[in-house]
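Here is the file target00.cif (mmCIF, C-alpha atoms).
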```cif
data_work
#
loop_
_atom_site.label_atom_id
_atom_site.label_comp_id
_atom_site.auth_asym_id
_atom_site.auth_seq_id
_atom_site.Cartn_x
_atom_site.Cartn_y
_atom_site.Cartn_z
CA MET A 2 -59.37 30.51 14.66
CA LYS A 3 -58.93 27.04 16.18
CA LYS A 4 -57.06 25.89 13.04
CA ILE A 5 -54.62 28.80 13.24
CA LEU A 6 -54.00 28.11 16.94
CA VAL A 7 -53.41 24.39 16.29
CA ILE A 8 -51.03 25.17 13.40
CA GLY A 9 -49.16 27.72 15.54
CA ILE A 10 -48.71 25.23 18.38
CA PHE A 11 -47.61 22.53 15.90
CA LEU A 12 -44.99 24.84 14.32
CA THR A 13 -43.80 25.97 17.75
CA LEU A 14 -43.15 22.35 18.67
CA LEU A 15 -41.70 21.35 15.28
CA ILE A 16 -39.20 24.20 14.72
CA PRO A 17 -36.88 23.23 17.64
CA VAL A 18 -36.88 19.61 16.41
CA ILE A 19 -35.84 20.69 12.90
CA ALA A 20 -33.18 23.07 14.24
CA THR A 21 -31.53 20.49 16.53
CA THR A 22 -31.71 17.56 14.12
CA GLY A 23 -29.67 19.16 11.33
CA ILE A 24 -28.08 17.19 8.52
CA ALA A 25 -25.92 14.18 9.35
CA ASN A 26 -22.19 14.62 8.70
CA SER A 27 -20.11 11.48 8.24
CA PRO A 28 -16.38 11.58 9.01
CA PRO A 29 -13.79 10.88 6.31
CA THR A 30 -12.42 7.37 5.90
CA LYS A 31 -9.35 6.37 7.91
CA PRO A 32 -6.36 7.74 5.97
CA HIS A 33 -4.00 5.45 4.12
CA ILE A 34 -0.30 6.25 4.67
CA GLU A 35 2.26 5.05 2.16
CA GLY A 36 6.01 5.62 2.37
CA PRO A 37 9.31 4.25 3.67
CA THR A 38 9.35 2.48 7.04
CA SER A 39 13.11 2.77 7.52
CA GLY A 40 15.90 5.08 6.49
CA GLN A 41 18.81 7.23 7.58
CA SER A 42 18.90 10.03 10.11
CA GLY A 43 18.59 13.50 8.60
CA THR A 44 17.33 12.30 5.20
CA SER A 45 13.96 13.65 4.05
CA TYR A 46 11.35 11.01 3.17
CA THR A 47 8.03 11.57 1.38
CA TYR A 48 4.75 10.00 2.49
CA GLU A 49 1.46 9.87 0.59
CA LEU A 50 -1.81 10.36 2.51
CA CYS A 51 -5.22 9.42 1.07
CA SER A 52 -8.77 9.63 2.43
CA GLU A 53 -12.31 10.16 1.16
CA ASP A 54 -15.30 11.88 2.70
CA PRO A 55 -18.64 10.08 2.13
CA ASP A 56 -20.41 13.47 2.03
CA GLY A 57 -17.94 14.87 -0.50
CA ASP A 58 -16.65 17.50 1.95
CA ASP A 59 -13.12 18.89 1.60
CA ILE A 60 -10.46 17.16 3.74
CA THR A 61 -7.60 18.46 5.86
CA TYR A 62 -4.86 15.98 6.86
CA CYS A 63 -3.26 16.43 10.30
CA ILE A 64 0.09 14.68 10.81
CA ASP A 65 1.94 13.92 14.04
CA TRP A 66 5.40 12.75 12.95
CA GLY A 67 6.01 10.99 16.28
CA ASP A 68 9.33 12.72 16.96
CA GLY A 69 8.24 15.57 19.20
CA SER A 70 7.85 18.09 16.38
CA SER A 71 4.62 20.08 16.12
CA GLU A 72 1.57 18.62 14.41
CA VAL A 73 1.25 19.70 10.78
CA CYS A 74 -2.12 20.16 9.06
CA LEU A 75 -2.35 20.26 5.26
CA GLY A 76 -5.41 21.31 3.30
CA PRO A 77 -8.22 21.55 2.71
CA TYR A 78 -8.24 19.35 -0.40
CA PRO A 79 -11.18 17.90 -2.36
CA SER A 80 -12.37 14.53 -1.05
CA GLY A 81 -10.30 11.65 -2.44
CA THR A 82 -7.25 13.81 -3.18
CA CYS A 83 -4.01 12.11 -2.13
CA VAL A 84 -1.36 14.49 -0.82
CA GLN A 85 2.36 14.17 -0.18
CA ALA A 86 4.22 15.32 2.90
CA SER A 87 7.96 15.07 3.57
CA HIS A 88 9.85 14.82 6.85
CA SER A 89 13.31 13.89 8.12
CA PHE A 90 13.73 11.90 11.31
CA SER A 91 16.41 11.52 13.95
CA GLU A 92 17.61 8.10 15.12
CA GLY A 93 15.02 5.85 16.78
CA THR A 94 11.58 4.41 16.09
CA HIS A 95 8.88 6.96 15.31
CA THR A 96 5.15 6.40 14.81
CA ILE A 97 3.51 8.67 12.23
CA LYS A 98 -0.14 9.37 13.14
CA VAL A 99 -2.54 10.88 10.59
CA LYS A 100 -6.19 11.94 10.88
CA ALA A 101 -8.43 13.35 8.18
CA ARG A 102 -10.87 16.11 9.13
CA ASP A 103 -13.68 17.28 6.85
CA SER A 104 -14.82 20.88 6.38
CA ASN A 105 -17.62 20.29 8.93
CA GLN A 106 -15.05 19.21 11.57
CA ALA A 107 -15.92 15.48 11.50
CA GLU A 108 -12.67 13.57 12.17
CA SER A 109 -11.62 10.14 10.92
CA ASP A 110 -10.06 7.37 12.94
CA GLY A 111 -6.29 7.75 13.15
CA ALA A 112 -3.92 5.83 10.92
CA THR A 113 -0.36 4.97 11.98
CA LEU A 114 2.90 3.97 10.32
CA ALA A 115 6.06 3.00 12.25
CA VAL A 116 9.37 4.35 10.91
CA SER A 117 12.69 2.99 12.15
CA ILE A 118 15.85 5.08 11.80
CA PRO A 119 18.83 3.01 13.00
CA LYS A 120 21.88 4.49 14.66
CA SER A 121 24.44 5.37 12.04
CA PHE A 122 27.93 3.94 12.33
CA SER A 123 31.01 5.24 10.58
CA PHE A 124 34.25 3.38 9.95
CA MET A 125 36.15 6.60 9.19
CA PRO A 126 37.50 7.28 12.72
CA PHE A 127 38.56 3.64 12.99
CA LEU A 128 40.31 3.68 9.59
CA GLN A 129 42.04 6.96 10.31
CA LEU A 130 43.40 5.64 13.61
CA PHE A 131 44.48 2.39 11.92
CA PHE A 132 46.49 4.21 9.22
CA GLU A 133 48.06 6.61 11.74
CA LYS A 134 49.25 3.65 13.83
CA LEU A 135 50.41 1.82 10.72
CA LEU A 136 52.51 4.80 9.61
CA GLU A 137 54.00 5.12 13.12
CA LYS A 138 55.14 1.48 13.08
CA PHE A 139 56.39 1.38 9.51
CA THR A 140 58.35 4.54 8.82
CA PHE A 141 59.27 3.33 5.34
CA LEU A 142 55.54 3.57 4.39
CA ARG A 143 55.51 7.17 5.49
CA ILE A 144 58.56 7.84 3.30
CA LEU A 145 56.94 6.10 0.31
CA LEU A 146 53.67 8.03 0.72
CA ASN A 147 55.43 11.39 0.96
#
```

Entire entry expressed as structure tokens:
Amino acid sequence: MKKILVIGIFLTLLIPVIATTGIANSPPTKPHIEGPTSGQSGTSYTYELCSEDPDGDDITYCIDWGDGSSEVCLGPYPSGTCVQASHSFSEGTHTIKVKARDSNQAESDGATLAVSIPKSFSFMPFLQLFFEKLLEKFTFLRILLN
């Protein structure tokens, strides 16, 4: 009877320890972002995102494009799978931020990539004004072009 009582007390003390300890879950590696760091406003650019989970868990990539648009999450994908995501930016400097999250909700450190989209400049209005003024001054050109 004493043995059963001792075993019962031991199990009563051990079960909460086993339940709260659980299995360790490591976060995925910090994602690698590859893609253009400059471009033109309104043009879509593709970026490749890669990460691995040491536990082999599936990975979801969450992307903040740094331009005020909503965060986009892609996945889940098997650990080590590189994915592509495309986005077009407006003028300015934008910082892409990406985190990888495994299927057990462990999250990687964030990776960043700065993208610069310069202000576009067009010569067309200038050229149009130049030719209009040229034709006003030299009427013989207007006659030749008609």

Taking 4 positions as the minimum chain separation for residues in the same chain, which residues sit within 9 Å of Ser121 of chain A when counting all atoms listed in the file? Answer as a ChimeraX atom specification.
/A:41-42,92

Output C-alpha atoms for every residue in the selection just made, as a tab-separated table (two decimals), keeping the file's coordinate frame.
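Result saved to again21.tsv:
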```
chain	number	residue	atom	x	y	z
A	41	GLN	CA	18.81	7.23	7.58
A	42	SER	CA	18.90	10.03	10.11
A	92	GLU	CA	17.61	8.10	15.12
```

With only C-alpha atoms as the counted atoms, please give the residues lying no more than 12 Å from segment 77-82 of chain A, apart from itself and same-chain residues fewer than 2 positions off, as a CSV table (one decimal) with C-alpha atoms, keeping the file's coordinate frame.
```csv
chain,number,residue,atom,x,y,z
A,28,PRO,CA,-16.4,11.6,9.0
A,29,PRO,CA,-13.8,10.9,6.3
A,30,THR,CA,-12.4,7.4,5.9
A,31,LYS,CA,-9.4,6.4,7.9
A,32,PRO,CA,-6.4,7.7,6.0
A,33,HIS,CA,-4.0,5.4,4.1
A,49,GLU,CA,1.5,9.9,0.6
A,50,LEU,CA,-1.8,10.4,2.5
A,51,CYS,CA,-5.2,9.4,1.1
A,52,SER,CA,-8.8,9.6,2.4
A,53,GLU,CA,-12.3,10.2,1.2
A,54,ASP,CA,-15.3,11.9,2.7
A,55,PRO,CA,-18.6,10.1,2.1
A,56,ASP,CA,-20.4,13.5,2.0
A,57,GLY,CA,-17.9,14.9,-0.5
A,58,ASP,CA,-16.6,17.5,2.0
A,59,ASP,CA,-13.1,18.9,1.6
A,60,ILE,CA,-10.5,17.2,3.7
A,61,THR,CA,-7.6,18.5,5.9
A,62,TYR,CA,-4.9,16.0,6.9
A,63,CYS,CA,-3.3,16.4,10.3
A,74,CYS,CA,-2.1,20.2,9.1
A,75,LEU,CA,-2.4,20.3,5.3
A,84,VAL,CA,-1.4,14.5,-0.8
A,85,GLN,CA,2.4,14.2,-0.2
A,101,ALA,CA,-8.4,13.4,8.2
A,102,ARG,CA,-10.9,16.1,9.1
A,103,ASP,CA,-13.7,17.3,6.8
A,104,SER,CA,-14.8,20.9,6.4
A,105,ASN,CA,-17.6,20.3,8.9
A,106,GLN,CA,-15.0,19.2,11.6
```

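Closest approach to Val73 of chain A from the set A:Ser109, A:Ser87, A:Thr47, A:Thr38 is made by A:Ser87, with distances taken over all atoms listed in the file.
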
Kindly give the distance, in Å, that separates atom CA of Pro119 of chain A and atom CA of Tyr48 of chain A, rounded to a single decimal.
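Between atom CA of Pro119 of chain A and atom CA of Tyr48 of chain A the gap works out to 18.9 Å.
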
Atomic separation - atom CA of Thr113 of chain A relative to atom CA of Ala25 of chain A, Å:
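Between atom CA of Ala25 of chain A and atom CA of Thr113 of chain A the gap is 27.3 Å.
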
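Here atom CA of Gly93 of chain A stands at a distance of 25.4 Å from atom CA of Asp110 of chain A.
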
The PyMOL selection byres ((chain A and resi 46) around 9) applied to the shown file, residues as a PyMOL selection string:
chain A and resi 36-37+40+44-45+47-48+86-90

Return as a PyMOL selection string the set of residues that the PyMOL selection byres ((chain A and resi 97) around 8) yields on the displayed structure.
chain A and resi 64-67+95-96+98-99+113-116

Would you mind telling me which residue in A:Thr140, A:Thr94, A:Ser27, A:Ser39 lies nearest to Glu108 of chain A when using all atoms listed in the file?
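Between A:Thr140, A:Thr94, A:Ser27, A:Ser39, the residue approaching Glu108 of chain A most closely is A:Ser27.
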
Would you mind completing segment 23-54 of chain A so that it carries N, CA and C atoms, and writing it out as a compact mmCIF listing (two decimals), in the frame of the given file?
```txt
# COMPACT_ATOMS: atom_id res chain seq x y z
N GLY A 23 -30.70 18.83 12.30
CA GLY A 23 -29.67 19.16 11.33
C GLY A 23 -29.46 18.05 10.32
N ILE A 24 -28.42 18.18 9.53
CA ILE A 24 -28.08 17.19 8.52
C ILE A 24 -26.91 16.38 9.04
N ALA A 25 -26.99 15.06 8.87
CA ALA A 25 -25.92 14.18 9.35
C ALA A 25 -24.63 14.46 8.59
N ASN A 26 -23.50 14.40 9.31
CA ASN A 26 -22.19 14.62 8.70
C ASN A 26 -21.31 13.42 9.03
N SER A 27 -20.96 12.66 8.04
CA SER A 27 -20.11 11.48 8.24
C SER A 27 -18.65 11.89 8.20
N PRO A 28 -17.81 11.27 9.05
CA PRO A 28 -16.38 11.58 9.01
C PRO A 28 -15.71 10.96 7.79
N PRO A 29 -14.55 11.49 7.42
CA PRO A 29 -13.79 10.88 6.31
C PRO A 29 -13.34 9.46 6.68
N THR A 30 -12.96 8.71 5.66
CA THR A 30 -12.42 7.37 5.90
C THR A 30 -11.06 7.48 6.59
N LYS A 31 -10.67 6.42 7.28
CA LYS A 31 -9.35 6.37 7.91
C LYS A 31 -8.30 6.55 6.83
N PRO A 32 -7.36 7.49 7.02
CA PRO A 32 -6.36 7.74 5.97
C PRO A 32 -5.46 6.53 5.71
N HIS A 33 -4.99 6.45 4.50
CA HIS A 33 -4.00 5.45 4.12
C HIS A 33 -2.66 6.18 4.03
N ILE A 34 -1.63 5.65 4.70
CA ILE A 34 -0.30 6.25 4.67
C ILE A 34 0.63 5.32 3.90
N GLU A 35 1.31 5.86 2.92
CA GLU A 35 2.26 5.05 2.16
C GLU A 35 3.60 5.78 2.10
N GLY A 36 4.66 5.05 2.41
CA GLY A 36 6.01 5.62 2.37
C GLY A 36 7.00 4.70 3.06
N PRO A 37 8.26 5.10 3.09
CA PRO A 37 9.31 4.25 3.67
C PRO A 37 9.11 4.02 5.17
N THR A 38 9.45 2.81 5.62
CA THR A 38 9.35 2.48 7.04
C THR A 38 10.72 2.41 7.71
N SER A 39 11.76 2.70 6.95
CA SER A 39 13.11 2.77 7.52
C SER A 39 13.94 3.71 6.67
N GLY A 40 15.05 4.16 7.24
CA GLY A 40 15.90 5.08 6.49
C GLY A 40 17.07 5.55 7.33
N GLN A 41 17.64 6.67 6.91
CA GLN A 41 18.81 7.23 7.58
C GLN A 41 18.44 8.54 8.26
N SER A 42 19.10 8.80 9.36
CA SER A 42 18.90 10.03 10.11
C SER A 42 19.22 11.25 9.25
N GLY A 43 18.34 12.26 9.31
CA GLY A 43 18.59 13.50 8.60
C GLY A 43 18.20 13.50 7.13
N THR A 44 17.77 12.37 6.60
CA THR A 44 17.33 12.30 5.20
C THR A 44 15.83 12.54 5.14
N SER A 45 15.38 13.35 4.19
CA SER A 45 13.96 13.65 4.05
C SER A 45 13.26 12.53 3.28
N TYR A 46 12.14 12.06 3.81
CA TYR A 46 11.35 11.01 3.17
C TYR A 46 9.95 11.53 2.91
N THR A 47 9.35 11.10 1.79
CA THR A 47 8.03 11.57 1.38
C THR A 47 6.99 10.48 1.62
N TYR A 48 5.85 10.90 2.18
CA TYR A 48 4.75 10.00 2.49
C TYR A 48 3.50 10.48 1.77
N GLU A 49 2.70 9.53 1.27
CA GLU A 49 1.46 9.87 0.59
C GLU A 49 0.30 9.55 1.52
N LEU A 50 -0.65 10.49 1.63
CA LEU A 50 -1.81 10.36 2.51
C LEU A 50 -3.07 10.42 1.65
N CYS A 51 -3.99 9.46 1.86
CA CYS A 51 -5.22 9.42 1.07
C CYS A 51 -6.41 9.14 1.97
N SER A 52 -7.52 9.85 1.71
CA SER A 52 -8.77 9.63 2.43
C SER A 52 -9.91 10.16 1.57
N GLU A 53 -11.11 9.68 1.86
CA GLU A 53 -12.31 10.16 1.16
C GLU A 53 -13.37 10.51 2.17
N ASP A 54 -14.18 11.50 1.83
CA ASP A 54 -15.30 11.88 2.70
C ASP A 54 -16.60 11.41 2.04
```
